[in-house]
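Since the structure comes first, as structure tokens, the remarks are kept for the end.
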Amino acid sequence: MKTLRFLLEKEFKQIRRDKFLPRMILFLPIMQLIVLPFAANFEMNNINLTLIDNDHSVYSTRLTEKITSSGYFTLTGVHARYDEALKQIENNSADLVLEIPANFERRITKEGTSHVLIAANTVNGTKGGLGSSYLSNIIQSFNSEITAGRITVQSASVPHIDVQSTNLFNPHMSYKNYMVPGIMVFLLTIVGGSLSALNIVSEKEKGTIEQINVTPVPKYIFLLSKLIPFWVIGFVLLTLGAIVAWAVYGLTPLGGFGVIYLFAAVYMIAFTGFGLTISSVSESQHQAMFTAFFFIIIFNLMGGLFTPISSMPEWAQKLTWLNPLSYFVEVIRMVYLKGSQFADLTKQFGAVCLFAVVFNAMAIISYRKSS
Amino acid sequence: MKQFLSFVRKEFFHIFRDTRTMLILLGMPIALIILFGFAITTEVKEVPIAVLDYSKDEATQKITDQLIASEYFKYHSSVNTYEEAQTLFKRNKVRMVVVFPPQFAGDLLKGSNPQIQLLADATDPNEATSLVNYANIIIRTYQQELMPAQNQTQPGQVQADVKLLYNPQMKGSYNFVPGVMGLILILICAMMTSVGIVKEKEMGTMEVLLVSPLKPIYIILAKAVPYLLLSMANVVSILLLSYFLLDVPINGSIILLLSISVIYALLSLSLGLLISTITETQQAAMLVSGVALMLPVMLLSGMIFPIENMPLILQGIANIVPAKWYILAIRDVMIKGLGWIDVWQEVSVLLLMIVVLVGLSVKRFKIRLE
């Protein structure tokens with residue numbers, strides 16, 4: 001026990017004496033948490049639309065007004081020909097082209113139907129797809145306006161189902177509420193993971209590890225002395241993150257901090273163990289860092305942080321079971337937004353405890369006192 | 001020249017001796033392309049839903065069946081109360097609960113407009129919007145089946161013909177492949193060079209290099225050459241994989257594509273050089289190039305999230321993220337098939353950035369030891 005205390009003193013002193021590291025550890029993640037959720041935004045409200053109106057009638061003007069007043073679209077130009085409008089898409093100043101044909105109004109009043117053409121830039125599939133479906137929706141409601149204006153009670157006898165939808169847990173549909181807790185986990189993972197992955201190997205490179213190796217310090221005490229500082233740093237980070245989430249985004253966990261801290265405690269033991277394993281099997285900091293980054297990037301992309309796990313194919317969803325990050329991202333969102341309690345999260349707790357045991361066992365096994 | 005080449009050889013030895021790092025450097029892009037191509041999508045598919053059915057009649061059964069039969073939803077369970085539904089939500093078991101009121105079929109026959117309530121889990125607002133939209137469409141289709149035949153076509157319809165340009169199947173990979181290239185190149189080049197140079201400082205071998213007859217600038221250049229070649233190997237492997245495995249077209253000129261990539265790689269190398277002049281330890285260099293670069297590149301480059309949606313300040317900040325310009329240019333050339341004239345702006349921004357970064361690092365690079 002006394003040995004552990006001295007080793008911890010050494011670790012904390014090393015961290016404190018480093019001019020750069022403490023600032024990096026605290027400042028960068030907080031900056032990122034303040035800035036990045038504003039960037040991680042799938043809400044579409046600024047789609048650039050270019051218009052070709054060959055009709056110039058009351059109807060076409062009304063349709064145009066309806067589109068521009070919807071709040072989703074910005075009209076960037078009105079063109080006479082399709083290829084001119086296409087040029088706008090090519091140089092990225094427009095995302096969508098709407099072409100209203102000549103005789104648009106006459107066709108509607110005489111024949112009952114008319115066509116418009118929507119051309120969408122779908123290099124970014126999500127954006128183009130959402131844009132054109134918003135536009136189609138507006139045209140749908142334009143349709144019902146015309147219908148309502150022209151024929152009044154013809155369809156009263158037709159059965160009609162009212163569909164009402166309620167958005168639970170995030171009534172304002174704010175994407176930030178969804179992203180902020182997730183980014184907290186991301187930052188915790190990347191700082192904790194990369195620091196612990198670099199730690200033992202940097203002693204190897206400096207040669208100081210030999211001094212530890214010749215002492216009678218048992219392996220697990222040595223690893224514990226490496227693990228605890230990162231555990232503490234993780235808590236500091238998490239607390240700062242929670243403060244930023246509250247101060248900047250007005251977010252507090254509905255399910256209380258207790259569950260989050262409890263989960264984070266186990267998660268950080270697991271992830272630090274993972275980092276230390278990488279550190280003890282690597283020969284240089286170079287190698288350790290790239291191994292750590294390889295896993296961190298893949299954990300992130302496959303963790304449901306940016307794209308939902310439920311839309312992955314079956315095999316990929318199974319792979320996410322092996323991803324500790326995916327459990328924490330799920331848990332922190334559930335606790336923050338839905339107010340889930342410990343009883344709702346037993347599966348995730350079980351999984352992350354298992355990770356903690358396995359990763360730390362791996363760290364103890366892979367660390368050798370003799371080369 | 002001969003001296004320079006032997007320095008380059010020394011750097012190559014450093015890289016090749018470390019097999020694991022080599023494997024990761026070459027394997028990472030491949031893993032990312034496969035993940036992005038096959039695993040990472042935002043499409044809604046087979047989402048578990050629960051049903052709270054107070055009437056349990058033919059009509060509600062039929063609507064439930066049609067919802068489940070679609071590719072978007074998957075039946076999880078049937079609940080009897082709102083509390084049960086709430087518990088399912090809290091355990092993340094379902095994303096949507098469909099609530100049918102009592103006497104649904106009866107009301108429908110009488111023509112008194114029964115109401116279906118969709119409770120959507122809006123933690124992920126986008127998913128919720130899509131779920132509600134799809135459910136709406138399915139319910140509307142059911143309703144139309146009920147309608148007498150003469151009412152099928154309503155007058156006064158504007159039909160929208162949608163034409164999807166460049167990416168008719170709406171594949172995510174069209175967007176992600178340029179993004180992955182932007183991410184990989186900057187991570188590899190910036191991290192490797194910064195760490196490589198700082199390592200020499202930390203180990204004390206920088207002294208040995210500085211007293212050699214070679215000028216400092218060549219020492220730095222010799223460090224950059226292997227990473228430049230390595231990153232070009234990555235670009236080629238990404239392009240081959242995406243062309244043959246993901247069916248992403250290469251519509252523009254390959255030479256143009258490669259030259260833009262070389263410029264971008266040079267830019268990343270000079271960024272790494274700058275990082276190496278402001279950090280003292282490998283750990284610090286890694287944290288700066290890793291933590292400080294990775295998230296901004298992933299989020300502010302338009303790789304995942306469209307830049308136009310961001311607040312104006314962030315759009316401004318995005319302008320100094322090199323990956324943004326690179327990804328724009330690559331998309332234009334690769335997917336849209338545009339030529340030199342259309343991407344000169346992006347390319348000149350990249351070139352300007354190189355000049356600034358190199359200027360800053362030369363100013364800060366110390367050839368004397370403290």
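Just so we're on the same page: first chain in the structure tokens is A, next is B, and so on; residues restart at 1 for each chain, and ligands are numbered from 1 in the order they show up.
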
Next item on the list: Could you pull out the residues in stretch 74-247 of chain A that DSSP calls helix (DSSP H, G or I) from the backbone, as number ranges by chain?
Entry: A: 82-90, 104-111, 125-150, 175-206, 209-213, 219-247

Give me the chain A side of the contact with chain B, cut-off 6 Å, one line per residue showing its nearest atom pair and distance in Å at one decimal, counting only C-alpha atoms, sorted by chain and residue number, as JSON lines.
{"residue": "A:Ala39", "atom": "CA", "partner": "B:Met310", "partner_atom": "CA", "distance": 5.4}
{"residue": "A:Ala40", "atom": "CA", "partner": "B:Phe305", "partner_atom": "CA", "distance": 5.9}
{"residue": "A:Ile108", "atom": "CA", "partner": "B:Gly156", "partner_atom": "CA", "distance": 5.6}
{"residue": "A:Gly112", "atom": "CA", "partner": "B:Gly156", "partner_atom": "CA", "distance": 4.5}
{"residue": "A:Thr113", "atom": "CA", "partner": "B:Gln157", "partner_atom": "CA", "distance": 4.6}
{"residue": "A:Ser114", "atom": "CA", "partner": "B:Val158", "partner_atom": "CA", "distance": 5.0}
{"residue": "A:His115", "atom": "CA", "partner": "B:Gln159", "partner_atom": "CA", "distance": 4.8}
{"residue": "A:Val116", "atom": "CA", "partner": "B:Ala160", "partner_atom": "CA", "distance": 5.0}
{"residue": "A:Leu117", "atom": "CA", "partner": "B:Asp161", "partner_atom": "CA", "distance": 4.9}
{"residue": "A:Ile118", "atom": "CA", "partner": "B:Val162", "partner_atom": "CA", "distance": 4.7}
{"residue": "A:Ala119", "atom": "CA", "partner": "B:Lys163", "partner_atom": "CA", "distance": 4.5}
{"residue": "A:Ala120", "atom": "CA", "partner": "B:Leu164", "partner_atom": "CA", "distance": 5.0}
{"residue": "A:Asn121", "atom": "CA", "partner": "B:Leu165", "partner_atom": "CA", "distance": 5.1}
{"residue": "A:Thr122", "atom": "CA", "partner": "B:Asn167", "partner_atom": "CA", "distance": 5.3}
{"residue": "A:Val123", "atom": "CA", "partner": "B:Asn167", "partner_atom": "CA", "distance": 5.7}
{"residue": "A:Asn124", "atom": "CA", "partner": "B:Asn175", "partner_atom": "CA", "distance": 5.1}
{"residue": "A:Gly125", "atom": "CA", "partner": "B:Met170", "partner_atom": "CA", "distance": 4.7}
{"residue": "A:Asn143", "atom": "CA", "partner": "B:Gln157", "partner_atom": "CA", "distance": 5.5}
{"residue": "A:Thr147", "atom": "CA", "partner": "B:Gly156", "partner_atom": "CA", "distance": 5.7}
{"residue": "A:Pro159", "atom": "CA", "partner": "B:Gly111", "partner_atom": "CA", "distance": 4.8}
{"residue": "A:His160", "atom": "CA", "partner": "B:Asn113", "partner_atom": "CA", "distance": 5.0}
{"residue": "A:Ile161", "atom": "CA", "partner": "B:Asn113", "partner_atom": "CA", "distance": 5.3}
{"residue": "A:Asp162", "atom": "CA", "partner": "B:Gln115", "partner_atom": "CA", "distance": 4.6}
{"residue": "A:Val163", "atom": "CA", "partner": "B:Ile116", "partner_atom": "CA", "distance": 4.9}
{"residue": "A:Gln164", "atom": "CA", "partner": "B:Gln117", "partner_atom": "CA", "distance": 4.9}
{"residue": "A:Ser165", "atom": "CA", "partner": "B:Leu118", "partner_atom": "CA", "distance": 4.4}
{"residue": "A:Thr166", "atom": "CA", "partner": "B:Leu119", "partner_atom": "CA", "distance": 5.0}
{"residue": "A:Asn167", "atom": "CA", "partner": "B:Ala120", "partner_atom": "CA", "distance": 5.1}
{"residue": "A:Leu168", "atom": "CA", "partner": "B:Asp121", "partner_atom": "CA", "distance": 5.2}
{"residue": "A:Phe169", "atom": "CA", "partner": "B:Ala122", "partner_atom": "CA", "distance": 5.9}
{"residue": "A:Asn170", "atom": "CA", "partner": "B:Ala122", "partner_atom": "CA", "distance": 5.2}
{"residue": "A:Met173", "atom": "CA", "partner": "B:Pro125", "partner_atom": "CA", "distance": 5.0}
{"residue": "A:Tyr178", "atom": "CA", "partner": "B:Thr123", "partner_atom": "CA", "distance": 5.8}
{"residue": "A:Gln287", "atom": "CA", "partner": "B:Thr21", "partner_atom": "CA", "distance": 5.2}
{"residue": "A:Thr307", "atom": "CA", "partner": "B:Thr42", "partner_atom": "CA", "distance": 5.7}
{"residue": "A:Ser311", "atom": "CA", "partner": "B:Lys45", "partner_atom": "CA", "distance": 5.3}
{"residue": "A:Met312", "atom": "CA", "partner": "B:Ala39", "partner_atom": "CA", "distance": 5.1}
{"residue": "A:Ala316", "atom": "CA", "partner": "B:Ala39", "partner_atom": "CA", "distance": 5.9}
{"residue": "A:Ser340", "atom": "CA", "partner": "B:Lys90", "partner_atom": "CA", "distance": 5.2}
{"residue": "A:Asp344", "atom": "CA", "partner": "B:Arg91", "partner_atom": "CA", "distance": 5.0}

Write to file, as a CSV table (one decimal), in the first residue's frame, the residues of the selection just made, with N, CA and C atoms.
chain,number,residue,atom,x,y,z
A,39,ALA,N,-21.2,22.3,-34.6
A,39,ALA,CA,-20.9,21.8,-36.0
A,39,ALA,C,-21.6,20.5,-36.3
A,40,ALA,N,-21.7,19.6,-35.3
A,40,ALA,CA,-22.3,18.3,-35.5
A,40,ALA,C,-23.8,18.4,-35.6
A,108,ILE,N,-52.8,22.8,-64.4
A,108,ILE,CA,-53.5,22.4,-63.1
A,108,ILE,C,-55.0,22.7,-63.2
A,112,GLY,N,-55.9,19.2,-64.3
A,112,GLY,CA,-55.9,18.7,-62.9
A,112,GLY,C,-54.5,18.4,-62.4
A,113,THR,N,-53.5,18.1,-63.3
A,113,THR,CA,-52.2,17.8,-62.8
A,113,THR,C,-51.1,18.6,-63.6
A,114,SER,N,-50.0,18.8,-63.0
A,114,SER,CA,-48.9,19.3,-63.7
A,114,SER,C,-47.6,18.8,-63.0
A,115,HIS,N,-46.5,18.9,-63.7
A,115,HIS,CA,-45.3,18.3,-63.2
A,115,HIS,C,-44.3,19.5,-62.9
A,116,VAL,N,-43.5,19.3,-61.9
A,116,VAL,CA,-42.4,20.2,-61.7
A,116,VAL,C,-41.1,19.3,-61.6
A,117,LEU,N,-40.0,19.8,-61.9
A,117,LEU,CA,-38.8,19.0,-61.8
A,117,LEU,C,-37.9,19.5,-60.6
A,118,ILE,N,-37.5,18.5,-59.8
A,118,ILE,CA,-36.6,18.8,-58.7
A,118,ILE,C,-35.3,18.1,-59.1
A,119,ALA,N,-34.2,18.8,-59.2
A,119,ALA,CA,-32.9,18.2,-59.4
A,119,ALA,C,-32.1,18.4,-58.1
A,120,ALA,N,-31.6,17.4,-57.5
A,120,ALA,CA,-30.9,17.5,-56.2
A,120,ALA,C,-29.5,17.1,-56.3
A,121,ASN,N,-28.5,17.8,-55.8
A,121,ASN,CA,-27.1,17.4,-55.7
A,121,ASN,C,-27.0,16.4,-54.6
A,122,THR,N,-26.8,15.1,-54.9
A,122,THR,CA,-26.8,14.1,-53.9
A,122,THR,C,-25.4,13.5,-53.6
A,123,VAL,N,-24.3,14.3,-53.9
A,123,VAL,CA,-23.0,13.9,-53.5
A,123,VAL,C,-23.0,13.6,-52.0
A,124,ASN,N,-23.6,14.5,-51.2
A,124,ASN,CA,-23.9,14.2,-49.9
A,124,ASN,C,-25.3,13.6,-49.8
A,125,GLY,N,-25.4,12.3,-49.8
A,125,GLY,CA,-26.7,11.7,-49.9
A,125,GLY,C,-27.7,12.2,-48.9
A,143,ASN,N,-50.4,21.2,-52.8
A,143,ASN,CA,-51.5,20.5,-53.4
A,143,ASN,C,-52.7,20.5,-52.6
A,147,THR,N,-56.4,21.9,-53.6
A,147,THR,CA,-57.5,21.1,-53.5
A,147,THR,C,-58.6,21.7,-52.6
A,159,PRO,N,-63.2,7.5,-45.2
A,159,PRO,CA,-62.6,7.4,-43.9
A,159,PRO,C,-61.2,8.0,-43.9
A,160,HIS,N,-61.0,8.6,-42.8
A,160,HIS,CA,-59.7,9.4,-42.7
A,160,HIS,C,-59.0,9.1,-41.4
A,161,ILE,N,-57.8,8.7,-41.4
A,161,ILE,CA,-57.1,8.4,-40.2
A,161,ILE,C,-56.2,9.6,-39.8
A,162,ASP,N,-56.4,10.1,-38.6
A,162,ASP,CA,-55.5,11.2,-38.2
A,162,ASP,C,-54.2,10.6,-37.6
A,163,VAL,N,-53.1,11.1,-38.0
A,163,VAL,CA,-51.9,10.6,-37.4
A,163,VAL,C,-51.3,11.7,-36.6
A,164,GLN,N,-51.1,11.4,-35.3
A,164,GLN,CA,-50.5,12.5,-34.5
A,164,GLN,C,-49.2,12.0,-33.9
A,165,SER,N,-48.1,12.7,-34.0
A,165,SER,CA,-46.8,12.2,-33.5
A,165,SER,C,-46.3,13.0,-32.4
A,166,THR,N,-45.7,12.4,-31.4
A,166,THR,CA,-45.2,13.0,-30.3
A,166,THR,C,-43.7,12.7,-30.2
A,167,ASN,N,-42.9,13.8,-30.0
A,167,ASN,CA,-41.5,13.5,-29.9
A,167,ASN,C,-41.1,13.5,-28.4
A,168,LEU,N,-40.8,12.3,-28.0
A,168,LEU,CA,-40.5,12.1,-26.6
A,168,LEU,C,-39.0,12.5,-26.3
A,169,PHE,N,-38.7,12.9,-25.1
A,169,PHE,CA,-37.3,13.0,-24.6
A,169,PHE,C,-36.6,14.2,-25.1
A,170,ASN,N,-37.0,14.7,-26.3
A,170,ASN,CA,-36.2,15.8,-26.9
A,170,ASN,C,-37.2,16.6,-27.7
A,173,MET,N,-36.5,18.8,-30.6
A,173,MET,CA,-35.7,18.1,-31.6
A,173,MET,C,-34.3,18.7,-31.8
A,178,TYR,N,-28.5,15.8,-28.4
A,178,TYR,CA,-28.1,14.4,-28.7
A,178,TYR,C,-26.6,14.3,-28.7
A,287,GLN,N,4.6,3.7,-32.2
A,287,GLN,CA,3.8,2.5,-32.4
A,287,GLN,C,2.6,2.5,-31.5
A,307,THR,N,-23.4,8.1,-36.3
A,307,THR,CA,-24.4,7.5,-37.1
A,307,THR,C,-25.1,6.4,-36.2
A,311,SER,N,-28.9,1.5,-37.8
A,311,SER,CA,-28.9,1.4,-39.3
A,311,SER,C,-27.8,0.6,-39.8
A,312,MET,N,-26.9,0.0,-39.0
A,312,MET,CA,-25.8,-0.8,-39.5
A,312,MET,C,-26.3,-2.2,-39.9
A,316,ALA,N,-22.3,-5.8,-38.5
A,316,ALA,CA,-21.7,-4.7,-37.9
A,316,ALA,C,-22.3,-4.4,-36.5
A,340,SER,N,-32.9,7.5,-17.7
A,340,SER,CA,-32.8,6.1,-17.3
A,340,SER,C,-32.0,5.9,-16.0
A,344,ASP,N,-32.3,0.2,-15.5
A,344,ASP,CA,-32.5,0.1,-16.9
A,344,ASP,C,-31.2,-0.2,-17.6

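Between atom CA of A:Ile67 and atom CA of A:Asn137 lies a distance of 10.0 Å.
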
Next item on the list: Excluding A:Ala270 and any residue of its chain fewer than 5 positions from it, enumerate the residues within 9 Å of it, using only C-alpha atoms, and give them as JSON, numbers by chain.
Entry: {"A": [265, 275, 324, 352, 353, 354, 355, 356, 357, 358, 359, 360]}

Mind dumping the selected residues with N, CA and C atoms as a PDB file, in the first residue's frame?
ATOM      1  N   ALA A 265     -16.755   5.507 -13.890  1.00  0.00           N
ATOM      2  CA  ALA A 265     -15.698   4.916 -13.069  1.00  0.00           C
ATOM      3  C   ALA A 265     -15.275   3.569 -13.640  1.00  0.00           C
ATOM      4  N   GLY A 275      -5.571   0.952 -22.825  1.00  0.00           N
ATOM      5  CA  GLY A 275      -4.424   1.782 -23.183  1.00  0.00           C
ATOM      6  C   GLY A 275      -3.128   1.210 -22.639  1.00  0.00           C
ATOM      7  N   PRO A 324     -16.318  -0.948 -26.278  1.00  0.00           N
ATOM      8  CA  PRO A 324     -16.711  -0.363 -24.990  1.00  0.00           C
ATOM      9  C   PRO A 324     -17.348   1.015 -25.144  1.00  0.00           C
ATOM     10  N   VAL A 352     -19.608  -3.491 -19.477  1.00  0.00           N
ATOM     11  CA  VAL A 352     -18.423  -2.667 -19.260  1.00  0.00           C
ATOM     12  C   VAL A 352     -17.577  -3.215 -18.106  1.00  0.00           C
ATOM     13  N   CYS A 353     -18.219  -3.852 -17.121  1.00  0.00           N
ATOM     14  CA  CYS A 353     -17.459  -4.511 -16.049  1.00  0.00           C
ATOM     15  C   CYS A 353     -16.604  -5.632 -16.638  1.00  0.00           C
ATOM     16  N   LEU A 354     -17.208  -6.366 -17.546  1.00  0.00           N
ATOM     17  CA  LEU A 354     -16.479  -7.451 -18.197  1.00  0.00           C
ATOM     18  C   LEU A 354     -15.258  -6.900 -18.940  1.00  0.00           C
ATOM     19  N   PHE A 355     -15.468  -5.777 -19.654  1.00  0.00           N
ATOM     20  CA  PHE A 355     -14.351  -5.148 -20.359  1.00  0.00           C
ATOM     21  C   PHE A 355     -13.253  -4.762 -19.373  1.00  0.00           C
ATOM     22  N   ALA A 356     -13.663  -4.185 -18.230  1.00  0.00           N
ATOM     23  CA  ALA A 356     -12.682  -3.738 -17.243  1.00  0.00           C
ATOM     24  C   ALA A 356     -11.822  -4.912 -16.796  1.00  0.00           C
ATOM     25  N   VAL A 357     -12.471  -6.042 -16.515  1.00  0.00           N
ATOM     26  CA  VAL A 357     -11.719  -7.205 -16.041  1.00  0.00           C
ATOM     27  C   VAL A 357     -10.790  -7.725 -17.137  1.00  0.00           C
ATOM     28  N   VAL A 358     -11.348  -7.888 -18.357  1.00  0.00           N
ATOM     29  CA  VAL A 358     -10.564  -8.481 -19.443  1.00  0.00           C
ATOM     30  C   VAL A 358      -9.372  -7.596 -19.815  1.00  0.00           C
ATOM     31  N   PHE A 359      -9.628  -6.301 -20.005  1.00  0.00           N
ATOM     32  CA  PHE A 359      -8.546  -5.412 -20.444  1.00  0.00           C
ATOM     33  C   PHE A 359      -7.436  -5.325 -19.401  1.00  0.00           C
ATOM     34  N   ASN A 360      -7.825  -5.251 -18.123  1.00  0.00           N
ATOM     35  CA  ASN A 360      -6.781  -5.125 -17.105  1.00  0.00           C
ATOM     36  C   ASN A 360      -6.019  -6.424 -16.915  1.00  0.00           C
TER      37      ASN A 360
END

Next item on the list: Apply DSSP to the structure's backbone, then extract all residues of stretch 41-272 of chain A labelled strand (DSSP E or B) and return them as a PyMOL selection string.
Entry: chain A and resi 47-53+73-79+96-100+113-121+162-168

Checklist line | Surrounding residues of A:Ala80 excluding itself and chain neighbours under 3 positions, 10 Å, only C-alpha atoms, as a PyMOL selection string | finding: chain A and resi 51-54+83-85+99

Note to self: Let me make sure I understand: among B:Ile327, B:Ile137, B:Ile341, B:Val356, which one has the smallest atom-to-atom distance to B:Pro178 if we use only C-alpha atoms?
What the structure shows: B:Ile327

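Relative to atom CA of A:Lys13, atom CA of B:Ser289 is found at 24.7 Å.
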
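Atom pair atom CA of A:His79 / atom CA of A:Asn103: separated by 17.2 Å.
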